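Structure first, then comments.
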Amino acid sequence: MEIKDCKILIVEDEKEILYLIESILRKDGFTRIFLANSVEQALHELRGNQPDCCILDVMLPDGDGFSLLSQIRMTSKIPVLFLSARGEEEDRILGLGLGADDYIVKPFVPKELTLRLRAVLTRVYDHMEYKEQQKPIVFIGNAQIDFNQGTIKRGGEEFSMTAKEYALLYKLCENKNRIVTYDSLCQFVWGDGYYGYENTLMVHIRKLREKLEEDPSHPVHLKTVRGLGYQIKQ
């Protein structure tokens, strides 16, 4: 699938900004765009049109983007980008912790929005190729990682991975028992413009540990190598 053919759902309650984002995306070559100005309308569009990506505002008239993302993650692993005026660190961490793939703060530069959207889409749907190749199931401790399904099974529970978690874990498992540096992981997941994503990387690693480890606060398999990076150990 070509990136420009991806179906994009924009969820924004301010019509002026909603149409501005639509215009920016259309100028960049996206044509399959759906609009929603509330949680209810967004859920309707998600069910009816099954978009490949969502751009979400946090503040909505009948709820908020965080709760909407939680609902999306119950049934879908599509990439989600927050675009919000709420730029506090705790909001960014909350959004990323819930499974968002990026968090952009308003006011934004149009080119930054399209570049970051394209980066997420490229990496998500490039990584889908791994699934098509029917990669083997990987066992780390008591966790069973199925890269074909994008899931982690542990202790009778099954966890879905977000696109960023999938990419990070794939890179780490590809280098099992070897240290993968912070820079290598950030570049693999976010591309050349990865500077400033170190804290975001930590959030995704923490979420992976919650799915992989018996005790995420005292990880045994997804280890931090202080000053260098991370390491997956059998």
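Labeling convention for the structure tokens: chains A, B, ... as they appear, residues from 1 per chain, ligands from 1 in order of appearance.
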Exercise: A:Glu213 partners within 12 Å, only C-alpha atoms, chain neighbours under 6 positions left out, as a list in words: Ile140, Gly141, Asn142, Ala143, Gln144, Ile152, Lys153, Arg154, Gly155, Ile205, Arg206, Lys207, Pro219, Val220, His221, Leu222, Lys223, Ile232, Lys233 and Gln234 of chain A
Where does stretch 62-152 of chain A meet stretch 166-179 of chain A within 9 Å, residue by residue, with the nearest atom pair and distance in Å to one decimal for each, counting only C-alpha atoms, listed by chain and rising number, as CSV?
residue,atom,partner,partner_atom,distance
A:Arg123,CA,A:Ala167,CA,8.1
A:Val124,CA,A:Ala167,CA,8.2
A:His127,CA,A:Ala167,CA,7.1
A:Val138,CA,A:Cys173,CA,8.0
A:Ile140,CA,A:Cys173,CA,9.0
A:Phe147,CA,A:Tyr166,CA,7.6
A:Gly150,CA,A:Tyr166,CA,6.7
A:Thr151,CA,A:Tyr166,CA,8.7
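Going from atom CA of A:Lys211 to atom CA of A:Thr162 covers 11.6 Å.
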Would you tabulate, counting only C-alpha atoms, all residues of stretch 87-187 of chain A that have an atom at most 6 Å from an atom of stretch 61-82 of chain A, showing the closest pair of atoms and their distance in Å to one decimal, sorted by chain then ascending number, as a Markdown table?
| residue | atom | partner | partner_atom | distance |
| --- | --- | --- | --- | --- |
| A:Ala100 | CA | A:Val80 | CA | 5.1 |
| A:Asp101 | CA | A:Val80 | CA | 5.5 |
| A:Asp102 | CA | A:Leu81 | CA | 4.8 |
| A:Tyr103 | CA | A:Phe82 | CA | 4.6 |
| A:Ile104 | CA | A:Phe82 | CA | 5.9 |
| A:Thr162 | CA | A:Lys77 | CA | 5.7 |
Restricted to N, CA, C and O atoms, what would the selected residues look like written as a compact mmCIF listing (two decimals), in the first residue's frame?
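Output (out05.txt):
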# COMPACT_ATOMS: atom_id res chain seq x y z
N ALA A 100 -0.29 5.73 22.01
CA ALA A 100 -0.16 6.63 20.87
C ALA A 100 1.23 6.47 20.26
O ALA A 100 2.20 6.11 20.94
N ASP A 101 1.34 6.73 18.97
CA ASP A 101 2.61 6.59 18.27
C ASP A 101 3.39 7.89 18.20
O ASP A 101 4.60 7.87 17.94
N ASP A 102 2.72 9.02 18.40
CA ASP A 102 3.40 10.31 18.42
C ASP A 102 2.49 11.32 19.10
O ASP A 102 1.29 11.09 19.26
N TYR A 103 3.08 12.43 19.51
CA TYR A 103 2.33 13.48 20.20
C TYR A 103 2.88 14.82 19.72
O TYR A 103 4.04 15.14 19.98
N ILE A 104 2.06 15.57 19.01
CA ILE A 104 2.46 16.86 18.44
C ILE A 104 1.70 17.96 19.15
O ILE A 104 0.50 17.85 19.37
N THR A 162 1.61 -1.96 20.15
CA THR A 162 1.45 -0.83 19.24
C THR A 162 2.55 -0.92 18.18
O THR A 162 3.48 -1.73 18.29
Mind dumping a table of every stretch 114-203 of chain A residue within 12 Å of stretch 19-34 of chain A, with the nearest atom pair and its distance in Å to one decimal, using only C-alpha atoms, sorted by chain and rising number, as CSV?
residue,atom,partner,partner_atom,distance
A:Thr114,CA,A:Leu25,CA,6.8
A:Leu115,CA,A:Asp28,CA,9.6
A:Arg116,CA,A:Leu25,CA,11.8
A:Leu117,CA,A:Leu25,CA,9.4
A:Arg118,CA,A:Asp28,CA,9.8
A:Leu121,CA,A:Phe30,CA,11.9
Spatial neighbours of A:Tyr197, 10 Å, only C-alpha atoms, chain gap at least 5 places, as a PyMOL selection string: chain A and resi 102+182-183+186-187+189-190+202-203
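Using only C-alpha atoms, the smallest distance between any of A:Lys15, A:Lys7, A:Lys111, A:His204 and A:Leu96 comes from A:His204.
Distances to A:Glu90 were evaluated for A:Thr181, A:Gln149, A:Asn37, A:Asn199 using only C-alpha atoms, and the minimum falls at A:Asn199.
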Select from stretch 13-195 of chain A everything DSSP, run on the backbone, classes as strand (DSSP E), then give the selection as a PDB file with N, CA and C atoms, in the first residue's frame.
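Below is the file that was written, part_3.pdb:
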ATOM      1  N   ILE A  33      -9.463  10.928   3.300  1.00  0.00           N
ATOM      2  CA  ILE A  33      -9.488  11.586   4.601  1.00  0.00           C
ATOM      3  C   ILE A  33     -10.912  11.612   5.137  1.00  0.00           C
ATOM      4  N   PHE A  34     -11.064  11.277   6.413  1.00  0.00           N
ATOM      5  CA  PHE A  34     -12.368  11.286   7.068  1.00  0.00           C
ATOM      6  C   PHE A  34     -12.298  12.221   8.269  1.00  0.00           C
ATOM      7  N   LEU A  35     -13.411  12.904   8.545  1.00  0.00           N
ATOM      8  CA  LEU A  35     -13.433  13.937   9.573  1.00  0.00           C
ATOM      9  C   LEU A  35     -14.439  13.604  10.665  1.00  0.00           C
ATOM     10  N   ALA A  36     -14.066  13.965  11.888  1.00  0.00           N
ATOM     11  CA  ALA A  36     -14.976  13.791  13.029  1.00  0.00           C
ATOM     12  C   ALA A  36     -14.702  14.902  14.025  1.00  0.00           C
ATOM     13  N   CYS A  53      -5.004   5.229  10.019  1.00  0.00           N
ATOM     14  CA  CYS A  53      -4.320   6.073  10.994  1.00  0.00           C
ATOM     15  C   CYS A  53      -5.298   7.114  11.520  1.00  0.00           C
ATOM     16  N   CYS A  54      -5.100   7.538  12.779  1.00  0.00           N
ATOM     17  CA  CYS A  54      -5.941   8.587  13.361  1.00  0.00           C
ATOM     18  C   CYS A  54      -5.063   9.717  13.874  1.00  0.00           C
ATOM     19  N   ILE A  55      -5.534  10.942  13.656  1.00  0.00           N
ATOM     20  CA  ILE A  55      -4.945  12.134  14.263  1.00  0.00           C
ATOM     21  C   ILE A  55      -5.979  12.648  15.256  1.00  0.00           C
ATOM     22  N   LEU A  56      -5.649  12.642  16.541  1.00  0.00           N
ATOM     23  CA  LEU A  56      -6.634  12.938  17.585  1.00  0.00           C
ATOM     24  C   LEU A  56      -6.301  14.210  18.358  1.00  0.00           C
ATOM     25  N   MET A  59      -8.921  17.390  23.682  1.00  0.00           N
ATOM     26  CA  MET A  59     -10.167  17.956  24.200  1.00  0.00           C
ATOM     27  C   MET A  59     -11.275  17.824  23.167  1.00  0.00           C
ATOM     28  N   LEU A  60     -12.321  17.067  23.513  1.00  0.00           N
ATOM     29  CA  LEU A  60     -13.460  16.864  22.626  1.00  0.00           C
ATOM     30  C   LEU A  60     -14.740  17.138  23.407  1.00  0.00           C
ATOM     31  N   GLY A  63     -16.080  13.972  25.469  1.00  0.00           N
ATOM     32  CA  GLY A  63     -15.081  13.087  26.058  1.00  0.00           C
ATOM     33  C   GLY A  63     -13.696  13.655  25.814  1.00  0.00           C
ATOM     34  N   ASP A  64     -12.714  12.783  25.737  1.00  0.00           N
ATOM     35  CA  ASP A  64     -11.361  13.256  25.442  1.00  0.00           C
ATOM     36  C   ASP A  64     -10.627  12.220  24.613  1.00  0.00           C
ATOM     37  N   VAL A  80      -1.754   6.019  15.939  1.00  0.00           N
ATOM     38  CA  VAL A  80      -2.515   7.182  16.410  1.00  0.00           C
ATOM     39  C   VAL A  80      -1.537   8.289  16.768  1.00  0.00           C
ATOM     40  N   LEU A  81      -1.800   9.488  16.270  1.00  0.00           N
ATOM     41  CA  LEU A  81      -1.000  10.663  16.602  1.00  0.00           C
ATOM     42  C   LEU A  81      -1.890  11.650  17.337  1.00  0.00           C
ATOM     43  N   PHE A  82      -1.429  12.120  18.474  1.00  0.00           N
ATOM     44  CA  PHE A  82      -2.130  13.203  19.148  1.00  0.00           C
ATOM     45  C   PHE A  82      -1.655  14.534  18.582  1.00  0.00           C
ATOM     46  N   LEU A  83      -2.605  15.451  18.380  1.00  0.00           N
ATOM     47  CA  LEU A  83      -2.309  16.815  17.970  1.00  0.00           C
ATOM     48  C   LEU A  83      -3.089  17.713  18.915  1.00  0.00           C
ATOM     49  N   SER A  84      -2.402  18.272  19.906  1.00  0.00           N
ATOM     50  CA  SER A  84      -3.116  18.903  21.014  1.00  0.00           C
ATOM     51  C   SER A  84      -2.419  20.166  21.502  1.00  0.00           C
ATOM     52  N   ASP A 102       2.717   9.015  18.401  1.00  0.00           N
ATOM     53  CA  ASP A 102       3.402  10.309  18.415  1.00  0.00           C
ATOM     54  C   ASP A 102       2.491  11.321  19.096  1.00  0.00           C
ATOM     55  N   TYR A 103       3.081  12.431  19.505  1.00  0.00           N
ATOM     56  CA  TYR A 103       2.332  13.480  20.200  1.00  0.00           C
ATOM     57  C   TYR A 103       2.882  14.819  19.725  1.00  0.00           C
ATOM     58  N   ILE A 104       2.057  15.569  19.009  1.00  0.00           N
ATOM     59  CA  ILE A 104       2.463  16.856  18.439  1.00  0.00           C
ATOM     60  C   ILE A 104       1.700  17.957  19.155  1.00  0.00           C
ATOM     61  N   VAL A 105       2.401  19.000  19.519  1.00  0.00           N
ATOM     62  CA  VAL A 105       1.797  20.084  20.296  1.00  0.00           C
ATOM     63  C   VAL A 105       1.434  21.252  19.376  1.00  0.00           C
ATOM     64  N   VAL A 138       8.929 -16.010  19.027  1.00  0.00           N
ATOM     65  CA  VAL A 138      10.106 -15.863  19.879  1.00  0.00           C
ATOM     66  C   VAL A 138       9.674 -16.017  21.332  1.00  0.00           C
ATOM     67  N   PHE A 139      10.462 -16.753  22.105  1.00  0.00           N
ATOM     68  CA  PHE A 139      10.179 -16.935  23.530  1.00  0.00           C
ATOM     69  C   PHE A 139      11.226 -16.191  24.350  1.00  0.00           C
ATOM     70  N   ILE A 140      10.749 -15.295  25.210  1.00  0.00           N
ATOM     71  CA  ILE A 140      11.612 -14.570  26.135  1.00  0.00           C
ATOM     72  C   ILE A 140      11.081 -14.834  27.541  1.00  0.00           C
ATOM     73  N   ALA A 143       7.314 -15.302  28.316  1.00  0.00           N
ATOM     74  CA  ALA A 143       6.533 -14.577  27.311  1.00  0.00           C
ATOM     75  C   ALA A 143       6.730 -15.188  25.922  1.00  0.00           C
ATOM     76  N   GLN A 144       5.634 -15.284  25.200  1.00  0.00           N
ATOM     77  CA  GLN A 144       5.651 -15.769  23.823  1.00  0.00           C
ATOM     78  C   GLN A 144       5.341 -14.593  22.901  1.00  0.00           C
ATOM     79  N   ILE A 145       6.294 -14.237  22.059  1.00  0.00           N
ATOM     80  CA  ILE A 145       6.153 -13.077  21.172  1.00  0.00           C
ATOM     81  C   ILE A 145       5.845 -13.569  19.768  1.00  0.00           C
ATOM     82  N   ASP A 146       4.694 -13.174  19.259  1.00  0.00           N
ATOM     83  CA  ASP A 146       4.274 -13.568  17.914  1.00  0.00           C
ATOM     84  C   ASP A 146       4.318 -12.328  17.021  1.00  0.00           C
ATOM     85  N   THR A 151       1.495  -9.808  18.857  1.00  0.00           N
ATOM     86  CA  THR A 151       0.997 -10.047  20.210  1.00  0.00           C
ATOM     87  C   THR A 151       2.088 -10.618  21.120  1.00  0.00           C
ATOM     88  N   ILE A 152       1.883 -10.442  22.422  1.00  0.00           N
ATOM     89  CA  ILE A 152       2.721 -11.051  23.449  1.00  0.00           C
ATOM     90  C   ILE A 152       1.792 -11.824  24.374  1.00  0.00           C
ATOM     91  N   LYS A 153       2.090 -13.102  24.600  1.00  0.00           N
ATOM     92  CA  LYS A 153       1.299 -13.929  25.508  1.00  0.00           C
ATOM     93  C   LYS A 153       2.155 -14.259  26.724  1.00  0.00           C
ATOM     94  N   ARG A 154       1.582 -14.038  27.903  1.00  0.00           N
ATOM     95  CA  ARG A 154       2.302 -14.344  29.144  1.00  0.00           C
ATOM     96  C   ARG A 154       1.297 -14.612  30.256  1.00  0.00           C
ATOM     97  N   GLU A 157      -2.444 -14.441  29.624  1.00  0.00           N
ATOM     98  CA  GLU A 157      -2.952 -13.194  29.061  1.00  0.00           C
ATOM     99  C   GLU A 157      -2.316 -12.924  27.708  1.00  0.00           C
ATOM    100  N   GLU A 158      -3.043 -12.237  26.852  1.00  0.00           N
ATOM    101  CA  GLU A 158      -2.521 -11.837  25.552  1.00  0.00           C
ATOM    102  C   GLU A 158      -2.550 -10.323  25.450  1.00  0.00           C
ATOM    103  N   PHE A 159      -1.414  -9.741  25.064  1.00  0.00           N
ATOM    104  CA  PHE A 159      -1.292  -8.301  24.946  1.00  0.00           C
ATOM    105  C   PHE A 159      -0.996  -7.941  23.489  1.00  0.00           C
ATOM    106  N   SER A 160      -1.665  -6.924  22.998  1.00  0.00           N
ATOM    107  CA  SER A 160      -1.359  -6.406  21.672  1.00  0.00           C
ATOM    108  C   SER A 160      -0.230  -5.387  21.774  1.00  0.00           C
ATOM    109  N   VAL A 180      21.673  -2.871  22.420  1.00  0.00           N
ATOM    110  CA  VAL A 180      21.231  -1.987  21.337  1.00  0.00           C
ATOM    111  C   VAL A 180      21.198  -0.574  21.910  1.00  0.00           C
ATOM    112  N   THR A 181      21.949   0.330  21.346  1.00  0.00           N
ATOM    113  CA  THR A 181      22.088   1.664  21.923  1.00  0.00           C
ATOM    114  C   THR A 181      20.800   2.465  21.804  1.00  0.00           C
TER     115      THR A 181
END
Atom CA of A:Lys164 to atom CA of A:Thr224, straight-line distance in Å: 18.0 Å
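If you measure from each of A:Ser184, A:Gln41, A:Asn148, A:Thr200 to A:Ile10 using only C-alpha atoms, the closest one turns out to be A:Gln41.
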